[in-house]
>>> print(open('protein-v1.txt').read())   # compact mmCIF, C-alpha atoms
# COMPACT_ATOMS: atom_id res chain seq x y z
CA MET T 1 -27.20 -58.08 -50.62
CA GLN T 2 -28.91 -60.14 -47.93
CA ARG T 3 -32.49 -59.36 -47.07
CA GLU T 4 -31.57 -58.56 -43.45
CA GLN T 5 -29.29 -55.87 -44.77
CA VAL T 6 -31.99 -54.53 -47.08
CA GLY T 7 -34.54 -54.38 -44.28
CA LEU T 8 -32.19 -52.67 -41.86
CA PHE T 9 -30.91 -50.29 -44.52
CA ILE T 10 -34.42 -49.09 -45.35
CA LEU T 11 -35.21 -48.72 -41.66
CA ARG T 12 -32.05 -46.71 -41.10
CA VAL T 13 -32.59 -44.42 -44.08
CA SER T 14 -36.23 -43.69 -43.23
CA LEU T 15 -35.44 -43.04 -39.58
CA GLY T 16 -32.52 -40.85 -40.57
CA LEU T 17 -34.64 -38.79 -42.96
CA PHE T 18 -37.38 -38.42 -40.38
CA LEU T 19 -34.98 -37.12 -37.75
CA LEU T 20 -33.17 -34.97 -40.29
CA LEU T 21 -36.43 -33.20 -41.10
CA TRP T 22 -36.95 -32.44 -37.44
CA SER T 23 -33.45 -31.04 -37.30
CA LEU T 24 -34.13 -28.86 -40.33
CA ASP T 25 -37.33 -27.69 -38.70
CA LYS T 26 -35.27 -26.25 -35.87
CA LEU T 27 -33.37 -24.14 -38.38
CA VAL T 28 -36.23 -23.17 -40.67
CA VAL T 29 -38.93 -22.55 -38.08
CA PRO T 30 -37.16 -22.17 -34.73
CA GLU T 31 -40.28 -20.63 -33.18
CA ASP T 32 -42.02 -23.98 -33.49
CA THR T 33 -39.17 -25.68 -31.70
CA MET T 34 -39.39 -23.15 -28.91
CA LYS T 35 -43.07 -23.88 -28.51
CA ILE T 36 -42.41 -27.61 -28.49
CA PHE T 37 -39.63 -27.27 -25.94
CA THR T 38 -41.79 -25.11 -23.74
CA LYS T 39 -44.92 -27.20 -24.00
CA ARG T 40 -43.53 -30.73 -24.21
CA PHE T 41 -40.38 -30.49 -22.19
CA THR T 42 -41.54 -27.60 -19.98
CA THR T 43 -38.12 -26.07 -20.43
CA ASP T 44 -37.28 -22.44 -20.79
CA LEU T 45 -33.82 -22.32 -22.30
CA PHE T 46 -32.87 -19.09 -20.63
CA THR T 47 -34.30 -19.18 -17.17
CA THR T 48 -34.66 -22.01 -14.78
CA LYS T 49 -37.64 -21.60 -12.54
CA LYS T 50 -37.89 -23.36 -9.27
CA ARG T 51 -41.13 -22.54 -7.57
CA LYS T 52 -40.71 -22.51 -3.83
CA ARG T 53 -42.77 -20.53 -1.40
CA GLY T 54 -43.97 -18.11 -4.09
CA LEU T 55 -40.49 -17.19 -5.27
CA VAL T 56 -38.76 -17.89 -8.55
CA LEU T 57 -35.08 -18.71 -8.53
CA CYS T 58 -33.59 -16.84 -11.47
CA ILE T 59 -30.56 -18.14 -13.32
CA PRO T 60 -30.53 -15.51 -16.03
CA HIS T 61 -28.53 -15.42 -19.25
CA ASP T 62 -25.10 -13.89 -19.35
CA LYS T 63 -25.22 -10.49 -21.01
CA VAL T 64 -21.55 -10.65 -21.98
CA VAL T 65 -22.21 -13.71 -24.10
CA LEU T 66 -25.31 -12.18 -25.59
CA GLY T 67 -23.48 -8.94 -26.30
CA ALA T 68 -26.40 -6.62 -25.57
CA ASN T 69 -28.52 -5.40 -22.73
CA ASP T 70 -31.70 -3.52 -23.22
CA GLY T 71 -31.87 -2.32 -19.66
CA HIS T 72 -34.82 -4.48 -18.79
CA SER T 73 -33.49 -7.98 -18.85
CA LEU T 74 -32.10 -9.38 -15.71
CA SER T 75 -28.39 -9.89 -15.59
CA ARG T 76 -26.42 -11.98 -13.22
CA ALA T 77 -24.94 -8.82 -11.70
CA ALA T 78 -28.32 -7.16 -11.27
CA VAL T 79 -29.83 -10.10 -9.51
CA GLY T 80 -26.71 -11.06 -7.68
CA GLY T 81 -27.71 -14.68 -7.56
CA ARG T 82 -30.61 -14.01 -5.23
CA PRO T 83 -34.05 -15.44 -5.73
CA CYS T 84 -36.12 -12.89 -7.62
CA ARG T 85 -39.80 -12.26 -7.62
CA GLU T 86 -41.92 -13.53 -10.49
CA ASP T 87 -43.00 -10.03 -11.46
CA GLU T 88 -39.35 -9.03 -11.79
CA MET T 89 -38.72 -11.79 -14.25
CA ALA T 90 -41.94 -11.27 -16.18
CA GLY T 91 -40.96 -7.70 -16.90
CA SER T 92 -37.64 -8.85 -18.21
CA LEU T 93 -38.98 -11.36 -20.68
CA LEU T 94 -41.90 -9.66 -22.35
CA ASN T 95 -40.21 -7.53 -24.96
CA GLY T 96 -39.04 -7.92 -28.55
CA THR T 97 -35.35 -7.80 -27.82
CA GLU T 98 -35.69 -10.73 -25.51
CA GLU T 99 -37.52 -12.67 -28.20
CA ARG T 100 -34.72 -12.06 -30.68
CA ARG T 101 -32.16 -13.14 -28.14
CA ARG T 102 -34.06 -16.33 -27.57
CA ASN T 103 -34.09 -17.07 -31.28
CA PHE T 104 -30.40 -16.34 -31.54
CA MET T 105 -29.55 -18.58 -28.62
CA LEU T 106 -31.78 -21.34 -29.90
CA ARG T 107 -30.29 -21.27 -33.37
CA ARG T 108 -26.81 -21.28 -31.95
CA THR T 109 -27.58 -24.21 -29.67
CA VAL T 110 -29.17 -26.21 -32.46
CA LEU T 111 -26.29 -25.49 -34.83
CA MET T 112 -23.77 -26.56 -32.23
CA LEU T 113 -25.69 -29.77 -31.66
CA ILE T 114 -25.84 -30.47 -35.39
CA VAL T 115 -22.11 -29.85 -35.81
CA LEU T 116 -21.42 -32.08 -32.82
CA VAL T 117 -23.56 -34.89 -34.16
CA ALA T 118 -22.12 -34.51 -37.66
CA CYS T 119 -18.55 -34.64 -36.37
CA THR T 120 -19.33 -37.70 -34.29
CA GLY T 121 -21.00 -39.41 -37.21
CA LEU T 122 -18.19 -38.64 -39.65
CA SER T 123 -15.40 -39.90 -37.44
CA PRO T 124 -14.01 -43.35 -38.23
CA ALA T 125 -16.29 -45.82 -36.55
CA GLN T 126 -13.86 -48.57 -35.74
CA GLY T 127 -16.19 -49.91 -33.07
CA ASP T 128 -18.94 -50.27 -35.66
CA GLU T 129 -16.58 -52.19 -37.92
CA VAL T 130 -15.70 -54.63 -35.17
CA ASP T 131 -19.38 -54.99 -34.29
CA GLY T 132 -20.13 -55.76 -37.93
CA LEU T 133 -17.38 -58.35 -38.04
CA ARG T 134 -18.62 -59.89 -34.82
CA ALA T 135 -22.18 -60.03 -36.17
CA SER T 136 -21.00 -61.67 -39.35
CA PHE T 137 -19.06 -64.27 -37.39
CA GLU T 138 -21.97 -64.99 -35.04
CA HIS T 139 -24.33 -65.18 -37.99
CA GLU T 140 -22.08 -67.73 -39.65
CA ILE T 141 -21.76 -69.86 -36.51
CA ALA T 142 -25.52 -69.82 -36.01
CA ALA T 143 -26.08 -70.85 -39.62
CA PHE T 144 -23.55 -73.65 -39.28
CA ASN T 145 -25.19 -75.00 -36.15
CA ALA T 146 -28.59 -74.76 -37.83
CA ARG T 147 -27.22 -76.51 -40.95
CA ASP T 148 -28.47 -73.60 -43.00
CA LEU T 149 -26.15 -74.07 -45.96
CA ASP T 150 -27.41 -71.13 -48.03
CA THR T 151 -26.95 -68.65 -45.20
CA LEU T 152 -23.63 -70.24 -44.33
CA MET T 153 -22.32 -69.75 -47.85
CA GLY T 154 -23.67 -66.19 -47.99
CA ASN T 155 -20.59 -64.60 -46.48
CA GLN T 156 -17.93 -66.77 -48.11
CA HIS T 157 -15.68 -65.26 -50.71
CA GLU T 158 -15.56 -66.90 -54.14
CA HIS T 159 -11.89 -67.67 -53.56
CA VAL T 160 -12.14 -68.78 -49.95
CA VAL T 161 -9.54 -71.27 -48.73
CA ALA T 162 -10.13 -73.55 -45.75
CA LEU T 163 -7.52 -75.55 -43.92
CA ASN T 164 -8.78 -78.06 -41.44
CA PRO T 165 -7.74 -81.47 -40.15
CA ALA T 166 -10.80 -83.15 -41.64
CA SER T 167 -9.50 -82.49 -45.14
CA PRO T 168 -6.10 -83.76 -46.28
CA THR T 169 -5.82 -80.92 -48.78
CA PRO T 170 -6.91 -77.30 -48.62
CA VAL T 171 -10.52 -76.72 -49.59
CA ASP T 172 -10.11 -74.13 -52.32
CA GLY T 173 -13.00 -72.06 -53.58
CA LYS T 174 -16.60 -71.47 -52.65
CA SER T 175 -18.05 -74.40 -54.55
CA ALA T 176 -15.53 -76.80 -52.97
CA ARG T 177 -16.40 -75.37 -49.59
CA ARG T 178 -20.10 -75.91 -50.20
CA GLN T 179 -19.38 -79.48 -51.22
CA SER T 180 -17.34 -79.96 -48.06
CA TYR T 181 -20.22 -78.72 -45.90
CA GLN T 182 -22.70 -80.92 -47.73
CA THR T 183 -20.53 -83.95 -47.07
CA LEU T 184 -20.17 -83.02 -43.41
CA PHE T 185 -23.91 -82.54 -42.93
CA ALA T 186 -24.67 -85.75 -44.77
CA THR T 187 -22.37 -87.84 -42.63
CA THR T 188 -23.31 -86.39 -39.25
CA GLU T 189 -26.49 -86.20 -37.25
CA SER T 190 -25.43 -82.99 -35.57
CA VAL T 191 -22.43 -80.71 -35.37
CA THR T 192 -22.40 -77.86 -32.90
CA VAL T 193 -19.68 -75.26 -32.71
CA THR T 194 -19.37 -73.21 -29.52
CA PRO T 195 -16.87 -70.34 -29.71
CA LYS T 196 -14.88 -69.57 -26.60
CA ASN T 197 -13.89 -65.95 -26.13
CA PRO T 198 -13.34 -65.09 -29.81
CA GLN T 199 -11.18 -62.07 -30.57
CA PHE T 200 -11.90 -59.55 -33.31
CA ARG T 201 -9.68 -57.08 -35.08
CA VAL T 202 -10.21 -54.85 -38.08
CA ILE T 203 -7.30 -53.50 -40.09
CA ASP T 204 -8.48 -51.34 -42.98
CA ASN T 205 -10.79 -53.63 -44.91
CA THR T 206 -9.42 -56.83 -43.40
CA GLY T 207 -11.05 -58.53 -40.46
CA LEU T 208 -9.45 -61.11 -38.22
CA VAL T 209 -11.22 -63.45 -35.86
CA TRP T 210 -9.35 -65.93 -33.78
CA GLY T 211 -9.80 -67.99 -30.68
CA GLU T 212 -10.89 -71.42 -29.67
CA TYR T 213 -14.05 -73.36 -29.98
CA THR T 214 -15.38 -76.73 -29.12
CA ILE T 215 -16.92 -78.88 -31.79
CA ALA T 216 -19.49 -81.39 -30.59
CA ALA T 217 -20.14 -83.81 -33.44
CA LYS T 218 -22.45 -86.77 -33.63
CA SER T 219 -21.60 -88.91 -36.64
CA LYS T 220 -24.14 -91.39 -37.85
CA ASP T 221 -23.86 -94.68 -35.92
CA LYS T 222 -21.10 -93.26 -33.75
CA PRO T 223 -21.05 -91.73 -30.31
CA MET T 224 -20.85 -87.99 -29.77
CA THR T 225 -17.35 -86.53 -29.74
CA THR T 226 -16.20 -83.18 -28.47
CA THR T 227 -13.04 -81.59 -29.78
CA ALA T 228 -11.32 -78.39 -28.70
CA VAL T 229 -9.67 -76.51 -31.54
CA ARG T 230 -7.99 -73.22 -32.25
CA PHE T 231 -9.09 -71.24 -35.27
CA THR T 232 -8.29 -68.19 -37.30
CA ARG T 233 -10.62 -66.60 -39.82
CA THR T 234 -9.68 -63.85 -42.18
CA TYR T 235 -12.33 -61.68 -43.77
CA VAL T 236 -12.28 -58.91 -46.33
CA LYS T 237 -14.93 -56.26 -46.57
CA SER T 238 -16.46 -56.17 -50.02
CA GLY T 239 -19.66 -54.38 -50.98
CA GLY T 240 -20.33 -53.52 -47.35
CA GLN T 241 -20.19 -57.16 -46.32
CA TRP T 242 -17.55 -59.15 -44.49
CA LEU T 243 -16.56 -62.12 -46.66
CA LEU T 244 -14.53 -65.05 -45.36
CA VAL T 245 -11.36 -65.57 -47.41
CA LEU T 246 -9.27 -67.84 -45.22
CA TYR T 247 -10.26 -70.30 -42.55
CA HIS T 248 -7.76 -72.31 -40.55
CA VAL T 249 -8.55 -74.67 -37.73
CA ALA T 250 -6.15 -76.91 -35.80
CA PRO T 251 -6.46 -79.10 -32.73
CA LEU T 252 -5.23 -77.57 -29.52
CA SER T 253 -1.78 -78.85 -28.64
CA ALA T 254 -1.50 -81.08 -25.62
CA GLN T 255 -1.06 -79.23 -22.36
CA PRO T 256 2.45 -79.57 -20.86
CA GLN T 257 2.53 -81.99 -17.97
CA MET J 1 -26.86 -61.72 -26.31
CA LYS J 2 -26.35 -63.96 -29.34
CA LEU J 3 -27.31 -62.92 -32.84
CA GLU J 4 -29.96 -65.60 -33.07
CA ASP J 5 -31.60 -64.10 -29.99
CA ARG J 6 -31.13 -60.44 -30.89
CA VAL J 7 -32.81 -60.59 -34.29
CA PRO J 8 -36.09 -62.16 -33.08
CA LEU J 9 -36.23 -59.78 -30.12
CA ALA J 10 -35.76 -56.71 -32.32
CA LEU J 11 -38.35 -57.96 -34.79
CA ALA J 12 -40.82 -58.72 -31.99
CA LEU J 13 -40.45 -55.20 -30.62
CA LEU J 14 -40.93 -53.80 -34.11
CA ARG J 15 -44.05 -55.91 -34.53
CA LEU J 16 -45.49 -54.82 -31.20
CA SER J 17 -44.84 -51.14 -31.87
CA VAL J 18 -46.33 -51.30 -35.38
CA PHE J 19 -49.31 -53.10 -33.89
CA LEU J 20 -49.76 -50.39 -31.27
CA LEU J 21 -49.69 -47.66 -33.91
CA MET J 22 -52.25 -49.35 -36.13
CA PHE J 23 -54.36 -50.57 -33.24
CA MET J 24 -54.87 -47.04 -31.95
CA TRP J 25 -56.03 -45.90 -35.38
CA ASP J 26 -58.27 -48.92 -35.58
CA ILE J 27 -59.84 -48.17 -32.21
CA ASP J 28 -60.50 -44.67 -33.49
CA LYS J 29 -62.88 -46.17 -36.06
CA PHE J 30 -64.99 -47.61 -33.25
CA LEU J 31 -64.81 -44.82 -30.71
CA ASN J 32 -64.93 -41.90 -33.08
CA PRO J 33 -66.29 -43.07 -36.45
CA GLU J 34 -67.02 -39.49 -37.51
CA HIS J 35 -63.37 -38.64 -37.21
CA ALA J 36 -62.40 -41.79 -39.12
CA ALA J 37 -64.88 -40.89 -41.88
CA HIS J 38 -63.39 -37.40 -41.99
CA VAL J 39 -59.93 -38.91 -42.40
CA TYR J 40 -61.18 -41.12 -45.24
CA ALA J 41 -62.74 -38.14 -46.95
CA ASN J 42 -59.67 -35.93 -46.63
CA PHE J 43 -56.92 -38.42 -47.29
CA TYR J 44 -58.46 -41.24 -49.32
CA PHE J 45 -61.00 -39.13 -51.20
CA LEU J 46 -63.76 -41.45 -49.98
CA SER J 47 -66.40 -39.10 -48.70
CA GLY J 48 -69.84 -39.87 -47.33
CA LEU J 49 -68.90 -43.02 -45.47
CA GLY J 50 -71.13 -43.65 -42.49
CA ALA J 51 -70.41 -45.06 -39.08
CA VAL J 52 -71.48 -48.57 -40.14
CA VAL J 53 -68.86 -48.66 -42.86
CA MET J 54 -66.25 -47.48 -40.40
CA TYR J 55 -67.23 -50.24 -37.98
CA LEU J 56 -66.90 -52.83 -40.73
CA VAL J 57 -63.53 -51.51 -41.87
CA GLY J 58 -62.40 -51.35 -38.25
CA ALA J 59 -63.49 -54.92 -37.58
CA LEU J 60 -61.72 -56.26 -40.65
CA GLU J 61 -58.58 -54.35 -39.75
CA LEU J 62 -58.78 -55.60 -36.19
CA VAL J 63 -58.82 -59.22 -37.37
CA ILE J 64 -55.75 -58.58 -39.50
CA LEU J 65 -53.98 -56.82 -36.65
CA ILE J 66 -54.65 -59.60 -34.17
CA GLY J 67 -53.26 -62.11 -36.65
CA PHE J 68 -50.31 -59.82 -37.21
CA VAL J 69 -49.40 -59.32 -33.57
CA LEU J 70 -49.75 -63.02 -32.83
CA GLY J 71 -47.71 -64.03 -35.87
CA ILE J 72 -50.54 -66.01 -37.48
CA ARG J 73 -50.40 -66.58 -41.26
CA LYS J 74 -47.46 -64.25 -41.56
CA ASN J 75 -47.49 -64.26 -45.34
CA LEU J 76 -50.99 -62.85 -45.30
CA THR J 77 -51.16 -60.66 -42.20
CA TYR J 78 -47.70 -59.08 -42.53
CA CYS J 79 -48.35 -58.31 -46.18
CA ALA J 80 -51.76 -56.84 -45.34
CA VAL J 81 -50.28 -54.58 -42.66
CA LEU J 82 -47.58 -53.47 -45.09
CA VAL J 83 -50.15 -52.64 -47.76
CA LEU J 84 -52.56 -50.92 -45.36
CA HIS J 85 -49.87 -48.77 -43.85
CA GLY J 86 -48.37 -48.13 -47.27
CA ILE J 87 -51.67 -46.73 -48.49
CA SER J 88 -52.10 -44.51 -45.47
CA THR J 89 -48.50 -43.28 -45.76
CA LEU J 90 -48.84 -42.37 -49.42
CA SER J 91 -52.24 -40.79 -48.92
CA ALA J 92 -50.67 -37.97 -46.90
CA PHE J 93 -48.65 -36.78 -49.90
CA ARG J 94 -49.93 -33.21 -49.55
CA GLN J 95 -48.41 -32.96 -46.08
CA TYR J 96 -45.05 -34.11 -47.40
CA LEU J 97 -44.98 -31.25 -49.85
CA HIS J 98 -45.15 -28.69 -47.04
CA PRO J 99 -43.14 -30.29 -44.26
CA PHE J 100 -42.66 -27.25 -42.08
CA GLU J 101 -46.25 -26.05 -42.00
CA GLY J 102 -48.40 -26.76 -38.98
CA PRO J 103 -48.11 -30.28 -37.64
CA ASN J 104 -47.06 -31.76 -41.01
CA LEU J 105 -43.71 -32.97 -39.70
CA LEU J 106 -45.58 -35.50 -37.61
CA PHE J 107 -46.79 -37.19 -40.79
CA PHE J 108 -43.23 -38.16 -41.64
CA ALA J 109 -43.23 -40.62 -38.75
CA ALA J 110 -45.24 -42.84 -41.07
CA TRP J 111 -42.14 -43.54 -43.18
CA PRO J 112 -40.01 -45.26 -40.53
CA ALA J 113 -43.12 -47.19 -39.56
CA LEU J 114 -43.56 -48.24 -43.17
CA ALA J 115 -39.93 -49.33 -43.27
CA ALA J 116 -40.58 -51.34 -40.12
CA CYS J 117 -43.55 -53.03 -41.83
CA PHE J 118 -41.34 -53.82 -44.80
CA ALA J 119 -38.57 -55.21 -42.59
CA LEU J 120 -41.07 -57.38 -40.76
CA TYR J 121 -42.46 -58.69 -44.02
CA VAL J 122 -39.13 -59.59 -45.64
CA LEU J 123 -37.79 -61.06 -42.40
CA ARG J 124 -41.01 -62.75 -41.30
CA ASP J 125 -39.38 -66.16 -41.08
CA LEU J 126 -36.93 -64.76 -38.53
CA ASP J 127 -39.71 -63.16 -36.47
CA ILE J 128 -40.20 -66.08 -34.11
CA GLN J 129 -40.33 -64.45 -30.70
CA TRP J 130 -43.70 -64.12 -28.95
CA VAL J 131 -45.66 -65.61 -31.83
CA VAL J 132 -48.29 -68.29 -31.58
CA GLY J 133 -48.53 -69.07 -35.27
CA GLN J 134 -46.57 -71.61 -37.22
CA ARG J 135 -42.91 -70.75 -37.40
CA GLU J 136 -42.70 -70.25 -41.14
>>> encode(input="protein-v1.txt", output="structure tokens")
Amino acid sequence: MQREQVGLFILRVSLGLFLLLWSLDKLVVPEDTMKIFTKRFTTDLFTTKKRKRGLVLCIPHDKVVLGANDGHSLSRAAVGGRPCREDEMAGSLLNGTEERRRNFMLRRTVLMLIVLVACTGLSPAQGDEVDGLRASFEHEIAAFNARDLDTLMGNQHEHVVALNPASPTPVDGKSARRQSYQTLFATTESVTVTPKNPQFRVIDNTGLVWGEYTIAAKSKDKPMTTTAVRFTRTYVKSGGQWLLVLYHVAPLSAQPQ
Amino acid sequence: MKLEDRVPLALALLRLSVFLLMFMWDIDKFLNPEHAAHVYANFYFLSGLGAVVMYLVGALELVILIGFVLGIRKNLTYCAVLVLHGISTLSAFRQYLHPFEGPNLLFFAAWPALAACFALYVLRDLDIQWVVGQRE
């Protein structure tokens, strides 16, 4: 596993655990959450106060949803949507039944949020897969341009096959591929690959990247050349990492006149 | 944004935020040495430390933090920040045993910060944005 992955994994796990504990706190000690919401977010979950000219606009809870009415709490029908006085609302809130209703509503809200988040997190994250493939591709291109051979070889499968015009025969296997790169870097002063609108697709554990790129190469004692090519790269996901298994590059065909 | 730009930016933001966290605690040693001594007594079992000791510890920590935030001698400063924060994270073990009592949940924020210190240390050669030190 690469050290970037280790670092990010530990960050993710610790952040996840931290936030999970705060979620659990809402279930275990909901009163604390209520205090936090009231003090930090200045939000009362059941009434929305809008102070204007000494009046409080009441948007009270729905007693049908709550399933009980103790005769004191304000209902939508009782208020009729009008602004109510602050003393009216104060009388409605300061009793035990109201407190229990608050707890019930809070628990229900938190549970719904948790279920929502869990469902979202458990759904197939195809977008994440494509992002991972894209990151792997960009990482590889950056390593190639930087001539960072170790990083470059980091996401190549042991049985990778490369087909490119520079080699008369397929480059078969990781060690042959490393040798090929070493030869390229030794015989050039610089080689820069610039992808042009690469496309990404993930099918199960197979990733496809295709498109065009320009290769600007400066061989030793030769002028700089720029070549436009079309490429396809096939990856497989193994051990949580996208590994390149097939690489094919070919010059772009001549444009029709 | 390209990968080679995204990684240094993320690491720089991590470094700045870790610096802010530790800097505020460091400033506490200068502005409120009694409180800092109280923390040392309660969490590190080092009681009876006076204000002078707190000033010295604060000054040493400040030097490390400045080196850290500027990316100087990354091997040394990043490792020191990781160790310092690791000690302070582990020293609050009693709070971790009772997570839902009082403000104890707040102590758990130390763990993501510790992970950030670790990430910065292992990826220090990639942390090249907004540093003045040698790009190791």
>>> closest_residue(input="protein-v1.txt", among="J:Asn32, J:Asn104, J:Gln129, J:Ser91", to="chain T", atoms="only C-alpha atoms")
J:Asn104
>>> closest_atom_pairs(input="protein-v1.txt", of="chain J", to="chain T", cutoff="12 Å", atoms="all atoms listed in the file", output="CSV")
residue,atom,partner,partner_atom,distance
J:Met1,CA,T:Glu138,CA,10.5
J:Lys2,CA,T:Glu138,CA,7.3
J:Leu3,CA,T:Glu138,CA,6.1
J:Glu4,CA,T:Ala142,CA,6.8
J:Asp5,CA,T:Ala142,CA,10.3
J:Arg6,CA,T:Ala135,CA,10.4
J:Val7,CA,T:Glu4,CA,9.5
J:Pro8,CA,T:Glu4,CA,11.9
J:Ala10,CA,T:Leu8,CA,11.0
J:Leu11,CA,T:Leu8,CA,10.8
J:Leu14,CA,T:Leu11,CA,10.7
J:Tyr96,CA,T:Leu21,CA,10.7
J:His98,CA,T:Leu21,CA,11.5
J:Pro99,CA,T:Leu21,CA,8.0
J:Phe100,CA,T:Asp25,CA,6.3
J:Glu101,CA,T:Val29,CA,9.0
J:Gly102,CA,T:Asp32,CA,8.9
J:Pro103,CA,T:Asp32,CA,9.7
J:Asn104,CA,T:Leu21,CA,10.7
J:Leu105,CA,T:Trp22,CA,7.1
J:Leu106,CA,T:Phe18,CA,9.1
J:Phe107,CA,T:Phe18,CA,9.5
J:Phe108,CA,T:Phe18,CA,6.0
J:Ala109,CA,T:Phe18,CA,6.5
J:Ala110,CA,T:Phe18,CA,9.0
J:Trp111,CA,T:Ser14,CA,5.9
J:Pro112,CA,T:Ser14,CA,4.9
J:Ala113,CA,T:Leu11,CA,8.3
J:Leu114,CA,T:Leu11,CA,8.5
J:Ala115,CA,T:Leu11,CA,5.0
J:Ala116,CA,T:Leu11,CA,6.2
J:Cys117,CA,T:Leu11,CA,9.4
J:Phe118,CA,T:Gly7,CA,6.8
J:Ala119,CA,T:Gly7,CA,4.4
J:Leu120,CA,T:Gly7,CA,8.0
J:Tyr121,CA,T:Gly7,CA,9.0
J:Val122,CA,T:Arg3,CA,6.8
J:Leu123,CA,T:Glu4,CA,6.8
J:Arg124,CA,T:Glu4,CA,10.5
J:Asp125,CA,T:Glu4,CA,11.2
J:Leu126,CA,T:Glu4,CA,9.6
J:Asp127,CA,T:Glu4,CA,11.7
>>> closest_residue(input="protein-v1.txt", among="J:Leu31, J:Val53, J:Cys79, J:Val39", to="Leu65 (chain J)", atoms="only C-alpha atoms")
J:Cys79
>>> axis_aligned_box(input="protein-v1.txt", around="region 10-27 of chain J", padding_each_side="8 Å", output="AutoDock Vina command-line options")
--center_x -47.8 --center_y -52.3 --center_z -33.4 --size_x 40.1 --size_y 28.8 --size_z 21.5
>>> closest_residue(input="protein-v1.txt", among="T:Thr33, T:Gln156, T:Ser167, T:Thr232", to="Pro195 (chain T)", atoms="all atoms listed in the file")
T:Thr232
>>> residues_around(input="protein-v1.txt", residues="Gly67 (chain J)", least_positions_apart="2", cutoff="10 Å", atoms="only C-alpha atoms", output="PDB file with C-alpha atoms, in the coordinates of the input")
ATOM      1  CA  GLU J  61     -58.580 -54.350 -39.750  1.00  0.00           C
ATOM      2  CA  LEU J  62     -58.780 -55.600 -36.190  1.00  0.00           C
ATOM      3  CA  VAL J  63     -58.820 -59.220 -37.370  1.00  0.00           C
ATOM      4  CA  ILE J  64     -55.750 -58.580 -39.500  1.00  0.00           C
ATOM      5  CA  LEU J  65     -53.980 -56.820 -36.650  1.00  0.00           C
ATOM      6  CA  VAL J  69     -49.400 -59.320 -33.570  1.00  0.00           C
ATOM      7  CA  LEU J  70     -49.750 -63.020 -32.830  1.00  0.00           C
ATOM      8  CA  GLY J  71     -47.710 -64.030 -35.870  1.00  0.00           C
ATOM      9  CA  ILE J  72     -50.540 -66.010 -37.480  1.00  0.00           C
ATOM     10  CA  ARG J  73     -50.400 -66.580 -41.260  1.00  0.00           C
ATOM     11  CA  LYS J  74     -47.460 -64.250 -41.560  1.00  0.00           C
ATOM     12  CA  LEU J  76     -50.990 -62.850 -45.300  1.00  0.00           C
ATOM     13  CA  THR J  77     -51.160 -60.660 -42.200  1.00  0.00           C
ATOM     14  CA  TYR J  78     -47.700 -59.080 -42.530  1.00  0.00           C
ATOM     15  CA  VAL J 131     -45.660 -65.610 -31.830  1.00  0.00           C
ATOM     16  CA  VAL J 132     -48.290 -68.290 -31.580  1.00  0.00           C
ATOM     17  CA  GLY J 133     -48.530 -69.070 -35.270  1.00  0.00           C
TER      18      GLY J 133
END
>>> closest_residue(input="protein-v1.txt", among="T:Leu243, T:Leu111, T:Arg178, T:Asn197", to="Asp148 (chain T)", atoms="all atoms listed in the file")
T:Arg178
>>> residues_around(input="protein-v1.txt", residues="His35 (chain J)", least_positions_apart="5", cutoff="12 Å", atoms="all atoms listed in the file", output="ChimeraX atom specification")
/J:25-30,40-43,47,49-51,54
>>> closest_residue(input="protein-v1.txt", among="T:Gln182, T:Gln2, T:Thr227, T:Ser238", to="Asp204 (chain T)", atoms="all atoms listed in the file")
T:Ser238
>>> atom_distance(input="protein-v1.txt", atom1="CA of Arg147 (chain T)", atom2="CA of Ser219 (chain T)")
14.3 Å
